Amino acid sequence: MKRQRVQKKNKVGAVLLSLALLGATACGREEDRETTAEAMTKAESTTAAETTTATVESTTAVGEVTTAEETTSEIVATTTEEVAPKAETTTAVEITTIAEVTTQVPETEAPTAEYISAYHGEYGSAGTLTGTTVVVSIVTNDRYTHWGFTNGGDALAEDDLETLRRQKDYLLQACEWLTEQAAGYDKSADFIADWERYPGLYYEYDTADELVRYDGSMYTTQKDFILENIPSDALKKKYRADNIVYIFYFNTPLENEVNPWSLGNVASPICDIEFINAFVRFDGFYSMPTTYAHEMLHCFGAYDLYYASYGIPQEYVDYLRELGCLDIMYCTFDSEDILVTMGQLDAYYVGLTDVCEDVELWNLVRAQTMQ
Ligand SMILES: [Zn+2]
């Protein structure tokens, strides 16, 4: 089944605004080519309160966010009251989870000959779309969404397992597509992502925190889970990898309106652990291969092109619209096949080429490797 999806403009506009303020790389799945600018304007005028709350939280989490709203003492007080009890609850739950996960993780044995990557991590956990990338999958229960597993070690229910396996197939399809794109630039990009084939790539995380959000205000919480539970260096050595990307999967219902998104080094140097929040259902559909490819590209340095943001002027967005652009960072389709393209600008941002005319022509932000 192939369907082109129609964007809910106000909702997505709000998402984009929140993520932009938080320095996140926003990730809507599709583009309403007529009304993006209008939606952004509406979002700015109608979502100030919720955006402010998120911003206050994110100041400690992400670090680089600074807006005038931070000084609103009333909102700070409200946020503090809301956050404090969550933190206590979460700590208790996470302690149990950590113990459980530790026993479930297959040992990452030392390789016979230690692999030393040429990549030193200067662009976050995922550098350029070259070499070998390990993809770690973290199946996550948060405050309002749950998979059928428990801290007692119960296996996933059959229907949840089927959902996850379908998502894994989409992820692998996305990885294959990215490998093909890199090959088009005479670059090698391989992925170790199949958690049923490669040991040590599957984790379960159970938290009372609310992680299905429009914004990246829980970045530090998720980063801390990764740092405390996942032997990233050992995995990279085991699989002789250069990059590592983490995907949190949430068992969201079809009614969920939060689009998948990712947060990484191009948003802020503080975001050195690059992860994707995959909400498996949203806006009535499932996350698809294009969704995973789009989000992965963010982790390697690609920018969204369907709205204006730092370094991507509105004039360029308008230009792409007039072109009928089918770039994966501009639009996606609800399809099991990847029907979009990876343009030269994306290739430039993820380090496949040093050349892109549009960067000079439109005064676009330079690639992380060229700054
Ligand atoms: Zn995006």
# chains A, B, ... in the order shown; residues from 1 in each chain; ligands from 1

$ residues_around --residues "Ala241 of chain A" --least-positions-apart "2" --cutoff "6 Å" --atoms "only C-alpha atoms" --output "PyMOL selection string"
chain A and resi 132-133+236+239+243

$ write_last_selection --atoms "N, CA, C and O atoms" --output "short mmCIF file (atom, residue, chain, number, x, y, z; two decimals), in the first residue's frame"
data_model
loop_
_atom_site.label_atom_id
_atom_site.label_comp_id
_atom_site.auth_asym_id
_atom_site.auth_seq_id
_atom_site.Cartn_x
_atom_site.Cartn_y
_atom_site.Cartn_z
N THR A 132 31.68 1.76 9.38
CA THR A 132 30.67 0.86 9.95
C THR A 132 29.95 1.54 11.09
O THR A 132 30.57 2.18 11.94
N THR A 133 28.63 1.40 11.10
CA THR A 133 27.81 1.99 12.15
C THR A 133 27.05 0.91 12.89
O THR A 133 26.38 0.07 12.29
N LYS A 236 31.46 -1.11 19.80
CA LYS A 236 32.18 -0.57 18.64
C LYS A 236 33.42 -1.40 18.34
O LYS A 236 33.75 -1.67 17.20
N TYR A 239 32.34 -4.92 16.92
CA TYR A 239 31.88 -4.90 15.53
C TYR A 239 32.77 -4.04 14.63
O TYR A 239 32.40 -3.74 13.51
N ASN A 243 30.95 4.39 14.07
CA ASN A 243 29.84 5.20 14.58
C ASN A 243 28.89 4.33 15.40
O ASN A 243 28.82 3.12 15.20
#

$ closest_residue --among "A:Phe191, A:Tyr303, A:Tyr286, A:Tyr119" --to "Asp327 of chain A" --atoms "only C-alpha atoms"
A:Tyr303

$ residues_around --residues "Ile276 of chain A" --least-positions-apart "5" --cutoff "12 Å" --atoms "only C-alpha atoms" --output "PDB file with N, CA and C atoms, in the first residue's frame"
ATOM      1  N   ALA A  24      16.749  20.883  18.454  1.00  0.00           N
ATOM      2  CA  ALA A  24      16.612  19.515  17.969  1.00  0.00           C
ATOM      3  C   ALA A  24      16.442  19.519  16.461  1.00  0.00           C
ATOM      4  N   THR A  25      16.729  18.387  15.848  1.00  0.00           N
ATOM      5  CA  THR A  25      16.477  18.245  14.435  1.00  0.00           C
ATOM      6  C   THR A  25      15.090  17.672  14.270  1.00  0.00           C
ATOM      7  N   ALA A  26      14.173  18.523  13.896  1.00  0.00           N
ATOM      8  CA  ALA A  26      12.787  18.114  13.803  1.00  0.00           C
ATOM      9  C   ALA A  26      12.588  17.157  12.643  1.00  0.00           C
ATOM     10  N   CYS A  27      11.585  16.331  12.755  1.00  0.00           N
ATOM     11  CA  CYS A  27      11.464  15.248  11.796  1.00  0.00           C
ATOM     12  C   CYS A  27      10.028  14.949  11.456  1.00  0.00           C
ATOM     13  N   ALA A 126      27.839   9.573  16.062  1.00  0.00           N
ATOM     14  CA  ALA A 126      27.821   9.259  14.629  1.00  0.00           C
ATOM     15  C   ALA A 126      28.527  10.396  13.898  1.00  0.00           C
ATOM     16  N   VAL A 135      23.942   0.121  15.271  1.00  0.00           N
ATOM     17  CA  VAL A 135      22.661   0.711  15.663  1.00  0.00           C
ATOM     18  C   VAL A 135      22.126  -0.072  16.861  1.00  0.00           C
ATOM     19  N   VAL A 136      22.018   0.603  17.993  1.00  0.00           N
ATOM     20  CA  VAL A 136      21.532  -0.026  19.225  1.00  0.00           C
ATOM     21  C   VAL A 136      20.045   0.271  19.376  1.00  0.00           C
ATOM     22  N   SER A 137      19.253  -0.762  19.584  1.00  0.00           N
ATOM     23  CA  SER A 137      17.808  -0.594  19.728  1.00  0.00           C
ATOM     24  C   SER A 137      17.397  -0.725  21.191  1.00  0.00           C
ATOM     25  N   ILE A 138      16.631   0.246  21.653  1.00  0.00           N
ATOM     26  CA  ILE A 138      16.206   0.297  23.059  1.00  0.00           C
ATOM     27  C   ILE A 138      14.681   0.343  23.095  1.00  0.00           C
ATOM     28  N   VAL A 139      14.085  -0.777  23.459  1.00  0.00           N
ATOM     29  CA  VAL A 139      12.620  -0.872  23.494  1.00  0.00           C
ATOM     30  C   VAL A 139      12.162  -0.288  24.823  1.00  0.00           C
ATOM     31  N   LEU A 171      13.878  -0.618   9.575  1.00  0.00           N
ATOM     32  CA  LEU A 171      15.190  -0.058   9.912  1.00  0.00           C
ATOM     33  C   LEU A 171      16.272  -0.658   9.010  1.00  0.00           C
ATOM     34  N   LEU A 211       8.438  10.293  27.997  1.00  0.00           N
ATOM     35  CA  LEU A 211       9.453  10.502  26.955  1.00  0.00           C
ATOM     36  C   LEU A 211       8.856  10.733  25.570  1.00  0.00           C
ATOM     37  N   VAL A 212       7.587  10.453  25.398  1.00  0.00           N
ATOM     38  CA  VAL A 212       6.949  10.736  24.104  1.00  0.00           C
ATOM     39  C   VAL A 212       6.569  12.209  24.110  1.00  0.00           C
ATOM     40  N   GLY A 216      13.045  18.006  22.937  1.00  0.00           N
ATOM     41  CA  GLY A 216      14.195  17.230  23.396  1.00  0.00           C
ATOM     42  C   GLY A 216      14.565  17.494  24.839  1.00  0.00           C
ATOM     43  N   TYR A 219      16.505  14.949  26.919  1.00  0.00           N
ATOM     44  CA  TYR A 219      17.731  14.440  26.292  1.00  0.00           C
ATOM     45  C   TYR A 219      18.687  13.828  27.315  1.00  0.00           C
ATOM     46  N   GLN A 222      17.677  10.402  28.726  1.00  0.00           N
ATOM     47  CA  GLN A 222      17.893   9.294  27.796  1.00  0.00           C
ATOM     48  C   GLN A 222      19.389   9.041  27.577  1.00  0.00           C
ATOM     49  N   LYS A 223      20.142  10.118  27.530  1.00  0.00           N
ATOM     50  CA  LYS A 223      21.591   9.972  27.380  1.00  0.00           C
ATOM     51  C   LYS A 223      22.169   9.225  28.588  1.00  0.00           C
ATOM     52  N   ILE A 244      28.130   5.000  16.261  1.00  0.00           N
ATOM     53  CA  ILE A 244      27.074   4.280  16.983  1.00  0.00           C
ATOM     54  C   ILE A 244      25.865   5.200  17.121  1.00  0.00           C
ATOM     55  N   VAL A 245      24.709   4.659  16.788  1.00  0.00           N
ATOM     56  CA  VAL A 245      23.445   5.401  16.858  1.00  0.00           C
ATOM     57  C   VAL A 245      22.485   4.589  17.725  1.00  0.00           C
ATOM     58  N   TYR A 246      21.685   5.284  18.515  1.00  0.00           N
ATOM     59  CA  TYR A 246      20.756   4.619  19.429  1.00  0.00           C
ATOM     60  C   TYR A 246      19.321   4.965  19.016  1.00  0.00           C
ATOM     61  N   ILE A 247      18.459   3.944  19.025  1.00  0.00           N
ATOM     62  CA  ILE A 247      17.047   4.190  18.700  1.00  0.00           C
ATOM     63  C   ILE A 247      16.185   3.721  19.868  1.00  0.00           C
ATOM     64  N   PHE A 248      15.400   4.641  20.421  1.00  0.00           N
ATOM     65  CA  PHE A 248      14.405   4.300  21.437  1.00  0.00           C
ATOM     66  C   PHE A 248      13.079   4.065  20.715  1.00  0.00           C
ATOM     67  N   TYR A 249      12.484   2.886  20.933  1.00  0.00           N
ATOM     68  CA  TYR A 249      11.205   2.569  20.292  1.00  0.00           C
ATOM     69  C   TYR A 249      10.081   2.703  21.318  1.00  0.00           C
ATOM     70  N   PHE A 250       9.059   3.438  20.942  1.00  0.00           N
ATOM     71  CA  PHE A 250       7.909   3.632  21.833  1.00  0.00           C
ATOM     72  C   PHE A 250       6.662   3.034  21.185  1.00  0.00           C
ATOM     73  N   ASN A 259       5.498  13.243  16.097  1.00  0.00           N
ATOM     74  CA  ASN A 259       6.294  12.649  15.011  1.00  0.00           C
ATOM     75  C   ASN A 259       7.643  12.184  15.545  1.00  0.00           C
ATOM     76  N   PRO A 260       8.191  11.106  14.964  1.00  0.00           N
ATOM     77  CA  PRO A 260       9.536  10.682  15.357  1.00  0.00           C
ATOM     78  C   PRO A 260      10.537  11.817  15.156  1.00  0.00           C
ATOM     79  N   TRP A 261      11.577  11.834  15.993  1.00  0.00           N
ATOM     80  CA  TRP A 261      12.604  12.856  15.836  1.00  0.00           C
ATOM     81  C   TRP A 261      13.924  12.336  16.377  1.00  0.00           C
ATOM     82  N   SER A 262      14.981  13.069  16.073  1.00  0.00           N
ATOM     83  CA  SER A 262      16.300  12.682  16.551  1.00  0.00           C
ATOM     84  C   SER A 262      17.013  13.907  17.097  1.00  0.00           C
ATOM     85  N   LEU A 263      18.024  13.646  17.884  1.00  0.00           N
ATOM     86  CA  LEU A 263      18.776  14.744  18.473  1.00  0.00           C
ATOM     87  C   LEU A 263      20.252  14.373  18.459  1.00  0.00           C
ATOM     88  N   GLY A 264      21.054  15.281  17.921  1.00  0.00           N
ATOM     89  CA  GLY A 264      22.470  14.955  17.819  1.00  0.00           C
ATOM     90  C   GLY A 264      23.350  16.176  17.762  1.00  0.00           C
ATOM     91  N   CYS A 271      24.998  17.480  22.610  1.00  0.00           N
ATOM     92  CA  CYS A 271      24.292  16.250  22.209  1.00  0.00           C
ATOM     93  C   CYS A 271      25.272  15.317  21.490  1.00  0.00           C
ATOM     94  N   THR A 291      11.129   6.820   7.275  1.00  0.00           N
ATOM     95  CA  THR A 291      11.241   7.470   8.584  1.00  0.00           C
ATOM     96  C   THR A 291      12.613   7.188   9.189  1.00  0.00           C
ATOM     97  N   TYR A 292      13.002   5.908   9.160  1.00  0.00           N
ATOM     98  CA  TYR A 292      14.281   5.544   9.771  1.00  0.00           C
ATOM     99  C   TYR A 292      15.460   6.121   8.988  1.00  0.00           C
ATOM    100  N   ALA A 293      15.368   6.122   7.677  1.00  0.00           N
ATOM    101  CA  ALA A 293      16.461   6.682   6.878  1.00  0.00           C
ATOM    102  C   ALA A 293      16.610   8.179   7.149  1.00  0.00           C
ATOM    103  N   HIS A 294      15.488   8.874   7.217  1.00  0.00           N
ATOM    104  CA  HIS A 294      15.496  10.317   7.495  1.00  0.00           C
ATOM    105  C   HIS A 294      16.143  10.588   8.857  1.00  0.00           C
ATOM    106  N   GLU A 295      15.706   9.858   9.856  1.00  0.00           N
ATOM    107  CA  GLU A 295      16.244  10.095  11.206  1.00  0.00           C
ATOM    108  C   GLU A 295      17.723   9.723  11.297  1.00  0.00           C
ATOM    109  N   MET A 296      18.092   8.641  10.651  1.00  0.00           N
ATOM    110  CA  MET A 296      19.513   8.252  10.664  1.00  0.00           C
ATOM    111  C   MET A 296      20.366   9.353  10.038  1.00  0.00           C
ATOM    112  N   LEU A 297      19.877   9.928   8.960  1.00  0.00           N
ATOM    113  CA  LEU A 297      20.641  10.985   8.291  1.00  0.00           C
ATOM    114  C   LEU A 297      20.869  12.174   9.220  1.00  0.00           C
ATOM    115  N   HIS A 298      19.867  12.482  10.045  1.00  0.00           N
ATOM    116  CA  HIS A 298      20.077  13.541  11.039  1.00  0.00           C
ATOM    117  C   HIS A 298      21.278  13.222  11.921  1.00  0.00           C
ATOM    118  N   CYS A 299      21.354  11.976  12.348  1.00  0.00           N
ATOM    119  CA  CYS A 299      22.442  11.590  13.260  1.00  0.00           C
ATOM    120  C   CYS A 299      23.808  11.781  12.619  1.00  0.00           C
ATOM    121  N   PHE A 300      23.854  11.695  11.294  1.00  0.00           N
ATOM    122  CA  PHE A 300      25.132  11.875  10.591  1.00  0.00           C
ATOM    123  C   PHE A 300      25.350  13.330  10.167  1.00  0.00           C
TER     124      PHE A 300
END

$ select_by_dssp --residues "segment 285-316 of chain A" --states "strand (DSSP E or B)" --output "PyMOL selection string"
chain A and resi 285-286+309+312

$ write_last_selection --atoms "N, CA, C and O atoms" --output "short mmCIF file (atom, residue, chain, number, x, y, z; two decimals), in the first residue's frame"
data_model
loop_
_atom_site.label_atom_id
_atom_site.label_comp_id
_atom_site.auth_asym_id
_atom_site.auth_seq_id
_atom_site.Cartn_x
_atom_site.Cartn_y
_atom_site.Cartn_z
N PHE A 285 -0.60 6.21 11.21
CA PHE A 285 0.23 5.30 10.42
C PHE A 285 1.39 4.78 11.26
O PHE A 285 1.64 5.24 12.37
N TYR A 286 2.11 3.84 10.66
CA TYR A 286 3.32 3.31 11.30
C TYR A 286 4.55 4.06 10.78
O TYR A 286 4.55 4.54 9.64
N SER A 309 15.26 27.10 9.34
CA SER A 309 15.88 26.96 10.66
C SER A 309 17.27 27.59 10.58
O SER A 309 17.64 28.16 9.54
N ILE A 312 19.28 27.26 7.31
CA ILE A 312 18.43 26.90 6.17
C ILE A 312 17.38 28.00 6.02
O ILE A 312 16.35 28.00 6.70
#

$ residues_around --residues "Asn256 of chain A" --least-positions-apart "2" --cutoff "12 Å" --atoms "only C-alpha atoms" --output "list in words"
Lys11, Tyr144, Thr145, Val212, Arg213, Tyr214, Phe250, Asn251, Thr252, Pro253, Leu254, Val258, Asn259, Pro260, Ala278, Phe279, Val280, Arg281, Phe282, Asp283, Gly284, Phe285, Tyr286 and Ser287 of chain A

$ atom_distance --atom1 "atom CA of Ala367 of chain A" --atom2 "atom CA of Gly311 of chain A"
10.2 Å

$ closest_residue --among "A:Thr369, A:Gln314, A:Thr290, A:Ser335" --to "ligand 1" --atoms "only C-alpha atoms and all ligand atoms"
A:Thr290

$ atom_distance --atom1 "atom CA of Tyr203 of chain A" --atom2 "atom CA of Glu158 of chain A"
17.5 Å

$ atom_distance --atom1 "atom CA of Ile230 of chain A" --atom2 "atom CA of Tyr205 of chain A"
11.1 Å

$ select_by_dssp --residues "segment 173-339 of chain A" --states "alpha helix (DSSP H)" --output "count of residues only"
50

$ closest_residue --among "A:Asp304, A:Leu227, A:Phe333, A:Asp346" --to "ligand 1" --atoms "only C-alpha atoms and all ligand atoms"
A:Asp304

$ residues_around --residues "Tyr319 of chain A" --least-positions-apart "6" --cutoff "12 Å" --atoms "only C-alpha atoms" --output "PDB file with N, CA, C and O atoms, in the first residue's frame"
ATOM      1  N   ARG A  33       3.161  21.361   1.222  1.00  0.00           N
ATOM      2  CA  ARG A  33       3.956  22.326   0.464  1.00  0.00           C
ATOM      3  C   ARG A  33       3.306  23.694   0.393  1.00  0.00           C
ATOM      4  O   ARG A  33       3.944  24.676   0.082  1.00  0.00           O
ATOM      5  N   LEU A 305      14.896  20.064   5.608  1.00  0.00           N
ATOM      6  CA  LEU A 305      14.831  21.071   4.543  1.00  0.00           C
ATOM      7  C   LEU A 305      13.408  21.567   4.307  1.00  0.00           C
ATOM      8  O   LEU A 305      13.174  22.332   3.388  1.00  0.00           O
ATOM      9  N   TYR A 306      12.487  21.120   5.111  1.00  0.00           N
ATOM     10  CA  TYR A 306      11.085  21.477   4.853  1.00  0.00           C
ATOM     11  C   TYR A 306      10.582  22.642   5.694  1.00  0.00           C
ATOM     12  O   TYR A 306       9.411  22.977   5.680  1.00  0.00           O
ATOM     13  N   TYR A 307      11.488  23.239   6.447  1.00  0.00           N
ATOM     14  CA  TYR A 307      11.138  24.462   7.172  1.00  0.00           C
ATOM     15  C   TYR A 307      12.421  25.241   7.409  1.00  0.00           C
ATOM     16  O   TYR A 307      13.528  24.688   7.401  1.00  0.00           O
ATOM     17  N   ALA A 308      12.259  26.526   7.593  1.00  0.00           N
ATOM     18  CA  ALA A 308      13.431  27.364   7.817  1.00  0.00           C
ATOM     19  C   ALA A 308      13.959  27.155   9.228  1.00  0.00           C
ATOM     20  O   ALA A 308      13.191  27.020  10.176  1.00  0.00           O
ATOM     21  N   ILE A 312      19.284  27.263   7.310  1.00  0.00           N
ATOM     22  CA  ILE A 312      18.429  26.897   6.169  1.00  0.00           C
ATOM     23  C   ILE A 312      17.383  28.000   6.021  1.00  0.00           C
ATOM     24  O   ILE A 312      16.349  27.995   6.696  1.00  0.00           O
ATOM     25  N   PRO A 313      17.651  29.005   5.169  1.00  0.00           N
ATOM     26  CA  PRO A 313      16.728  30.147   5.070  1.00  0.00           C
ATOM     27  C   PRO A 313      15.399  29.782   4.404  1.00  0.00           C
ATOM     28  O   PRO A 313      15.321  28.827   3.625  1.00  0.00           O
ATOM     29  N   CYS A 325      10.460  19.328  -4.895  1.00  0.00           N
ATOM     30  CA  CYS A 325      11.559  18.551  -4.336  1.00  0.00           C
ATOM     31  C   CYS A 325      11.092  17.219  -3.731  1.00  0.00           C
ATOM     32  O   CYS A 325      10.078  17.156  -3.040  1.00  0.00           O
ATOM     33  N   TYR A 330      13.260  16.658   2.855  1.00  0.00           N
ATOM     34  CA  TYR A 330      12.202  17.626   2.555  1.00  0.00           C
ATOM     35  C   TYR A 330      10.816  16.995   2.658  1.00  0.00           C
ATOM     36  O   TYR A 330       9.862  17.619   3.121  1.00  0.00           O
ATOM     37  N   ASP A 358      24.711  24.525  -3.836  1.00  0.00           N
ATOM     38  CA  ASP A 358      23.644  25.250  -3.138  1.00  0.00           C
ATOM     39  C   ASP A 358      24.133  25.930  -1.858  1.00  0.00           C
ATOM     40  O   ASP A 358      23.563  26.942  -1.434  1.00  0.00           O
ATOM     41  N   LEU A 361      25.471  29.216  -3.092  1.00  0.00           N
ATOM     42  CA  LEU A 361      24.416  29.977  -3.771  1.00  0.00           C
ATOM     43  C   LEU A 361      23.390  30.547  -2.796  1.00  0.00           C
ATOM     44  O   LEU A 361      22.904  31.659  -2.954  1.00  0.00           O
ATOM     45  N   TRP A 362      23.043  29.747  -1.789  1.00  0.00           N
ATOM     46  CA  TRP A 362      21.976  30.121  -0.868  1.00  0.00           C
ATOM     47  C   TRP A 362      22.487  30.461   0.522  1.00  0.00           C
ATOM     48  O   TRP A 362      21.703  30.678   1.440  1.00  0.00           O
TER      49      TRP A 362
END

$ closest_residue --among "A:Ser125, A:Asn277, A:Asn229, A:Thr163" --to "ligand 1" --atoms "only C-alpha atoms and all ligand atoms"
A:Asn277

$ closest_residue --among "A:Asn363, A:Gln368, A:Asn141, A:Ser268" --to "Glu204 of chain A" --atoms "only C-alpha atoms"
A:Asn141

$ closest_residue --among "A:Pro231, A:Gly351, A:Gly301, A:Gly200" --to "ligand 1" --atoms "only C-alpha atoms and all ligand atoms"
A:Gly301

$ residues_around --residues "Glu180 of chain A" --least-positions-apart "6" --cutoff "10 Å" --atoms "only C-alpha atoms" --output "PDB file with N, CA and C atoms, in the first residue's frame"
ATOM      1  N   ALA A 174      16.098   0.726   5.639  1.00  0.00           N
ATOM      2  CA  ALA A 174      16.660   2.084   5.623  1.00  0.00           C
ATOM      3  C   ALA A 174      18.189   2.023   5.578  1.00  0.00           C
ATOM      4  N   ASP A 186      31.016   6.642  -4.022  1.00  0.00           N
ATOM      5  CA  ASP A 186      32.220   5.812  -3.858  1.00  0.00           C
ATOM      6  C   ASP A 186      32.665   5.715  -2.404  1.00  0.00           C
ATOM      7  N   LYS A 187      31.694   5.725  -1.507  1.00  0.00           N
ATOM      8  CA  LYS A 187      32.015   5.590  -0.081  1.00  0.00           C
ATOM      9  C   LYS A 187      31.358   4.311   0.450  1.00  0.00           C
ATOM     10  N   SER A 188      32.003   3.721   1.421  1.00  0.00           N
ATOM     11  CA  SER A 188      31.483   2.502   2.023  1.00  0.00           C
ATOM     12  C   SER A 188      30.790   2.847   3.342  1.00  0.00           C
ATOM     13  N   ALA A 189      29.521   2.441   3.474  1.00  0.00           N
ATOM     14  CA  ALA A 189      28.781   2.658   4.723  1.00  0.00           C
ATOM     15  C   ALA A 189      28.029   1.368   5.062  1.00  0.00           C
ATOM     16  N   ASP A 190      28.474   0.703   6.107  1.00  0.00           N
ATOM     17  CA  ASP A 190      27.854  -0.559   6.519  1.00  0.00           C
ATOM     18  C   ASP A 190      27.193  -0.394   7.880  1.00  0.00           C
TER      19      ASP A 190
END
